[in-house]
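A.B. asks: Below is the file data-v6.pdb, which contains PDB, C-alpha atoms.
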ATOM      1  CA  MET A   1       0.000   0.000   0.000
ATOM      2  CA  LEU A   2       1.245   3.476  -0.830
ATOM      3  CA  ALA A   3       1.969   5.779   2.106
ATOM      4  CA  ASN A   4      -0.206   8.572   0.672
ATOM      5  CA  GLN A   5      -2.952   6.263  -0.602
ATOM      6  CA  LYS A   6      -6.486   7.541  -0.005
ATOM      7  CA  HIS A   7      -8.901   5.242   1.832
ATOM      8  CA  VAL A   8     -12.534   5.252   0.728
ATOM      9  CA  ALA A   9     -15.478   3.280   2.108
ATOM     10  CA  ILE A  10     -18.223   2.019  -0.170
ATOM     11  CA  LEU A  11     -21.370   1.109   1.710
ATOM     12  CA  LEU A  12     -23.226  -2.142   1.118
ATOM     13  CA  GLU A  13     -26.665  -3.496   1.955
ATOM     14  CA  ASN A  14     -29.097  -5.866   0.287
ATOM     15  CA  ASN A  15     -30.763  -4.678  -2.908
ATOM     16  CA  TYR A  16     -27.868  -2.420  -3.890
ATOM     17  CA  GLN A  17     -27.816  -1.131  -7.478
ATOM     18  CA  GLU A  18     -25.073  -3.081  -9.255
ATOM     19  CA  MET A  19     -23.575  -0.364 -11.419
ATOM     20  CA  GLU A  20     -23.718   2.232  -8.659
ATOM     21  CA  PHE A  21     -21.615  -0.051  -6.446
ATOM     22  CA  TRP A  22     -19.197  -1.736  -8.859
ATOM     23  CA  TYR A  23     -18.422   1.201 -11.161
ATOM     24  CA  PRO A  24     -17.106   3.461  -8.322
ATOM     25  CA  TYR A  25     -15.489   0.447  -6.609
ATOM     26  CA  TYR A  26     -13.269  -0.301  -9.592
ATOM     27  CA  ARG A  27     -12.860   3.317 -10.732
ATOM     28  CA  LEU A  28     -11.501   4.358  -7.344
ATOM     29  CA  GLN A  29      -9.084   1.427  -7.303
ATOM     30  CA  GLU A  30      -7.967   2.324 -10.806
ATOM     31  CA  ALA A  31      -7.235   5.860  -9.590
ATOM     32  CA  GLY A  32      -5.106   4.495  -6.734
ATOM     33  CA  ALA A  33      -7.491   4.519  -3.777
ATOM     34  CA  LYS A  34      -7.711   1.756  -1.205
ATOM     35  CA  VAL A  35     -11.401   0.806  -1.185
ATOM     36  CA  LEU A  36     -13.038  -0.922   1.778
ATOM     37  CA  THR A  37     -16.574  -2.291   1.585
ATOM     38  CA  VAL A  38     -18.613  -1.577   4.716
ATOM     39  CA  GLY A  39     -22.024  -2.911   5.704
ATOM     40  CA  PRO A  40     -24.124  -3.125   8.843
ATOM     41  CA  GLU A  41     -22.322  -6.448   9.318
ATOM     42  CA  ALA A  42     -19.239  -7.980   7.694
ATOM     43  CA  LYS A  43     -21.065 -10.435   5.446
ATOM     44  CA  GLU A  44     -22.276 -10.972   1.897
ATOM     45  CA  TYR A  45     -25.032  -8.755   0.493
ATOM     46  CA  THR A  46     -26.914  -9.206  -2.755
ATOM     47  CA  SER A  47     -27.934  -6.713  -5.407
ATOM     48  CA  ARG A  48     -31.418  -6.218  -6.783
ATOM     49  CA  TYR A  49     -30.719  -9.065  -9.179
ATOM     50  CA  GLY A  50     -28.896 -11.305  -6.715
ATOM     51  CA  TYR A  51     -25.291 -10.368  -7.564
ATOM     52  CA  PRO A  52     -23.197 -10.862  -4.402
ATOM     53  CA  ALA A  53     -20.731  -8.448  -2.805
ATOM     54  CA  GLN A  54     -18.848  -8.932   0.440
ATOM     55  CA  ALA A  55     -18.756  -6.256   3.138
ATOM     56  CA  GLU A  56     -15.231  -6.526   4.495
ATOM     57  CA  ARG A  57     -16.044  -4.685   7.713
ATOM     58  CA  ALA A  58     -19.067  -3.817   9.830
ATOM     59  CA  ALA A  59     -19.794  -0.104  10.206
ATOM     60  CA  LYS A  60     -19.516  -0.384  13.991
ATOM     61  CA  ASP A  61     -15.948  -1.680  13.566
ATOM     62  CA  VAL A  62     -14.560   1.197  11.495
ATOM     63  CA  SER A  63     -13.612   4.730  12.444
ATOM     64  CA  VAL A  64     -14.234   7.952  10.604
ATOM     65  CA  THR A  65     -10.466   8.523  10.821
ATOM     66  CA  ASP A  66      -9.955   5.445   8.608
ATOM     67  CA  PHE A  67     -11.329   7.209   5.516
ATOM     68  CA  GLU A  68     -11.011  10.273   3.311
ATOM     69  CA  GLY A  69     -14.453   9.629   1.858
ATOM     70  CA  VAL A  70     -17.463   7.385   1.440
ATOM     71  CA  VAL A  71     -19.576   6.320  -1.533
ATOM     72  CA  ILE A  72     -23.230   5.437  -1.012
ATOM     73  CA  PRO A  73     -24.715   3.462  -3.915
ATOM     74  CA  GLY A  74     -28.400   3.562  -4.677
ATOM     75  CA  GLY A  75     -31.005   0.962  -5.412
ATOM     76  CA  PHE A  76     -33.160  -0.071  -2.487
ATOM     77  CA  ALA A  77     -30.067  -0.553  -0.285
ATOM     78  CA  PRO A  78     -30.101   2.981   1.210
ATOM     79  CA  ASP A  79     -33.529   2.308   2.708
ATOM     80  CA  HIS A  80     -31.983  -0.675   4.533
ATOM     81  CA  MET A  81     -28.766   1.226   5.387
ATOM     82  CA  ARG A  82     -30.624   4.033   7.114
ATOM     83  CA  ARG A  83     -32.095   1.493   9.555
ATOM     84  CA  SER A  84     -28.589   0.826  10.888
ATOM     85  CA  PRO A  85     -27.525   3.441  13.450
ATOM     86  CA  SER A  86     -23.843   2.622  12.868
ATOM     87  CA  MET A  87     -24.179   3.164   9.101
ATOM     88  CA  VAL A  88     -25.958   6.505   9.575
ATOM     89  CA  SER A  89     -23.433   7.557  12.209
ATOM     90  CA  LEU A  90     -20.514   6.768   9.897
ATOM     91  CA  VAL A  91     -21.956   8.915   7.090
ATOM     92  CA  ARG A  92     -22.852  11.748   9.483
ATOM     93  CA  SER A  93     -19.396  11.718  11.083
ATOM     94  CA  LEU A  94     -17.592  11.736   7.740
ATOM     95  CA  TYR A  95     -19.784  14.591   6.533
ATOM     96  CA  GLU A  96     -19.315  16.633   9.726
ATOM     97  CA  ARG A  97     -15.528  16.216   9.516
ATOM     98  CA  GLY A  98     -15.480  17.562   5.960
ATOM     99  CA  LYS A  99     -14.635  14.228   4.325
ATOM    100  CA  ILE A 100     -16.015  13.515   0.851
ATOM    101  CA  VAL A 101     -19.529  12.040   0.944
ATOM    102  CA  ALA A 102     -20.782  10.833  -2.448
ATOM    103  CA  ALA A 103     -24.329   9.566  -3.000
ATOM    104  CA  ILE A 104     -26.073   8.492  -6.179
ATOM    105  CA  SER A 105     -29.725   7.871  -6.965
ATOM    106  CA  HIS A 106     -31.744   6.720  -3.931
ATOM    107  CA  ALA A 107     -28.658   7.114  -1.704
ATOM    108  CA  GLY A 108     -29.900  10.628  -1.006
ATOM    109  CA  SER A 109     -32.165   9.038   1.589
ATOM    110  CA  MET A 110     -29.056   8.198   3.639
ATOM    111  CA  LEU A 111     -28.043  11.855   3.426
ATOM    112  CA  CYS A 112     -31.467  12.761   4.832
ATOM    113  CA  SER A 113     -30.990  10.389   7.765
ATOM    114  CA  ALA A 114     -27.435  11.635   8.357
ATOM    115  CA  ASN A 115     -28.576  15.290   8.461
ATOM    116  CA  ALA A 116     -26.166  16.123   5.650
ATOM    117  CA  LEU A 117     -28.423  18.194   3.398
ATOM    118  CA  LYS A 118     -29.380  21.360   5.259
ATOM    119  CA  GLY A 119     -28.388  24.343   3.144
ATOM    120  CA  LYS A 120     -26.811  22.140   0.443
ATOM    121  CA  LYS A 121     -27.447  21.987  -3.283
ATOM    122  CA  ALA A 122     -27.938  18.331  -4.313
ATOM    123  CA  THR A 123     -29.551  15.950  -6.766
ATOM    124  CA  SER A 124     -30.900  12.394  -6.680
ATOM    125  CA  PHE A 125     -33.322  10.048  -8.357
ATOM    126  CA  PHE A 126     -36.417  12.200  -8.869
ATOM    127  CA  SER A 127     -38.690  10.167  -6.570
ATOM    128  CA  ILE A 128     -36.833  11.263  -3.414
ATOM    129  CA  ARG A 129     -36.696  14.943  -4.359
ATOM    130  CA  ALA A 130     -39.309  15.911  -1.732
ATOM    131  CA  ASP A 131     -37.461  13.941   0.966
ATOM    132  CA  MET A 132     -34.236  15.767   0.181
ATOM    133  CA  GLU A 133     -35.945  19.163   0.077
ATOM    134  CA  ASN A 134     -37.659  18.421   3.397
ATOM    135  CA  ALA A 135     -34.201  17.600   4.807
ATOM    136  CA  GLY A 136     -33.034  21.089   3.784
ATOM    137  CA  ALA A 137     -31.493  20.611   0.333
ATOM    138  CA  THR A 138     -31.996  22.769  -2.719
ATOM    139  CA  TRP A 139     -32.701  19.984  -5.222
ATOM    140  CA  VAL A 140     -31.589  20.412  -8.846
ATOM    141  CA  ASP A 141     -31.886  18.135 -11.857
ATOM    142  CA  GLN A 142     -28.233  17.897 -12.911
ATOM    143  CA  VAL A 143     -25.909  15.022 -13.830
ATOM    144  CA  VAL A 144     -23.591  15.685 -10.896
ATOM    145  CA  VAL A 145     -23.673  18.283  -8.141
ATOM    146  CA  ARG A 146     -20.828  19.122  -5.803
ATOM    147  CA  ASP A 147     -21.494  21.382  -2.845
ATOM    148  CA  GLY A 148     -18.479  21.454  -0.558
ATOM    149  CA  ASN A 149     -17.701  17.900   0.536
ATOM    150  CA  LEU A 150     -21.014  16.541  -0.787
ATOM    151  CA  ILE A 151     -21.240  14.947  -4.262
ATOM    152  CA  THR A 152     -24.563  13.723  -5.653
ATOM    153  CA  SER A 153     -25.862  12.251  -8.916
ATOM    154  CA  ARG A 154     -29.209  10.973 -10.181
ATOM    155  CA  ILE A 155     -29.016   7.683 -12.085
ATOM    156  CA  PRO A 156     -26.584   5.024 -13.379
ATOM    157  CA  SER A 157     -25.959   6.873 -16.645
ATOM    158  CA  ASP A 158     -24.528   9.730 -14.519
ATOM    159  CA  LEU A 159     -21.752   7.441 -13.219
ATOM    160  CA  PRO A 160     -18.955   8.723 -15.513
ATOM    161  CA  ALA A 161     -19.482  12.324 -14.322
ATOM    162  CA  PHE A 162     -20.080  11.176 -10.726
ATOM    163  CA  CYS A 163     -16.825   9.200 -10.639
ATOM    164  CA  ARG A 164     -14.838  11.964 -12.358
ATOM    165  CA  GLU A 165     -15.983  14.412  -9.693
ATOM    166  CA  LEU A 166     -15.265  11.866  -6.945
ATOM    167  CA  VAL A 167     -11.740  11.189  -8.197
ATOM    168  CA  HIS A 168     -11.122  14.947  -8.510
ATOM    169  CA  ALA A 169     -12.522  15.699  -5.033
ATOM    170  CA  LEU A 170     -10.328  13.012  -3.444
ATOM    171  CA  LYS A 171      -7.335  14.443  -5.336
ATOM    172  CA  LEU A 172      -6.575  11.070  -6.923
ATOM    173  CA  CYS A 173      -5.762  12.622 -10.310
TER     174      CYS A 173
END
As structure tokens - that is how I would like this structure written.
C.D. replies:
Amino acid sequence: MLANQKHVAILLENNYQEMEFWYPYYRLQEAGAKVLTVGPEAKEYTSRYGYPAQAERAAKDVSVTDFEGVVIPGGFAPDHMRRSPSMVSLVRSLYERGKIVAAISHAGSMLCSANALKGKKATSFFSIRADMENAGATWVDQVVVRDGNLITSRIPSDLPAFCRELVHALKLC
């Protein structure tokens, strides 16, 4: 491992959206980051279509100081993630410490639970727009939005722009 290598968590739960997990997972590795998969428990989770992914660590067993950022994939997984106090606490702590917090699609619901949207400009899958606005965000329909340490995108086809912004924000390029 490189001494200056950036460490990034990617969150996992059942019913994750495949592309929104795997695309950033491999893109961050390609850019030189050390990626750690984190779930409510260290176990295997399945995507919407049954594709497995292993959470290497449980959220309760990691520290905010372990990471420079976190990626929250969408799908139906964020609805399960937000039921885990340790998952919500990890996202909130990273956000409050100014670390990069990146959420795509339905992952905006985790940002709502982590109180990370007040006064922020953000985007998401359109169906959670009202949730994000009620949590204090100014919602916009854009491919990628960066407001400080918060990066958001709407749908899988936004992944190239989302990952470019993520790599840039983490100073991996």
A.B. asks: Decode the PyMOL selection byres ((chain A and resi 81-86) around 6) for the given file into explicit residues and return them as a list in words.
C.D. replies: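 Output from the PyMOL selection byres ((chain A and resi 81-86) around 6), applied to this file: Ala59, Lys60, Pro78, Asp79, His80, Met87, Val88, Ser89 and Met110 of chain A.
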A.B. asks: Counting only C-alpha atoms, which of A:Arg97, A:Ala53, A:Asn14, A:Gln29 gets nearest to Leu172 (chain A)?
C.D. replies: A:Gln29
A.B. asks: For the file shown, report as a list in words the outcome of the PyMOL selection byres ((chain A and resi 28) around 10) at residue level.
C.D. replies: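 Applying the PyMOL selection byres ((chain A and resi 28) around 10) to the structure shown produces Lys6, His7, Val8, Trp22, Tyr23, Pro24, Tyr25, Tyr26, Arg27, Gln29, Glu30, Ala31, Gly32, Ala33, Lys34, Val35, Cys163, Arg164, Leu166, Val167, Leu170 and Leu172 of chain A.
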A.B. asks: Which residues are close to region 15-21 of chain A, i.e. within 7 Å by only C-alpha atoms, leaving aside same-chain residues fewer than 2 positions away? Reply as a ChimeraX atom specification.
C.D. replies: /A:12-13,23-25,46-48,73-77,156
A.B. asks: Check what the PyMOL selection byres ((chain A and resi 126-136) around 9) selects in the file above and give those residues as a PyMOL selection string.
C.D. replies: chain A and resi 105-106+108-109+111-113+115-120+122-125+137-141+154
A.B. asks: Between CA of Ala103 (chain A) and CA of Ser153 (chain A), measure the distance and give it in Å to one decimal.
C.D. replies: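 Pair CA of Ala103 (chain A) / CA of Ser153 (chain A) returns 6.7 Å.
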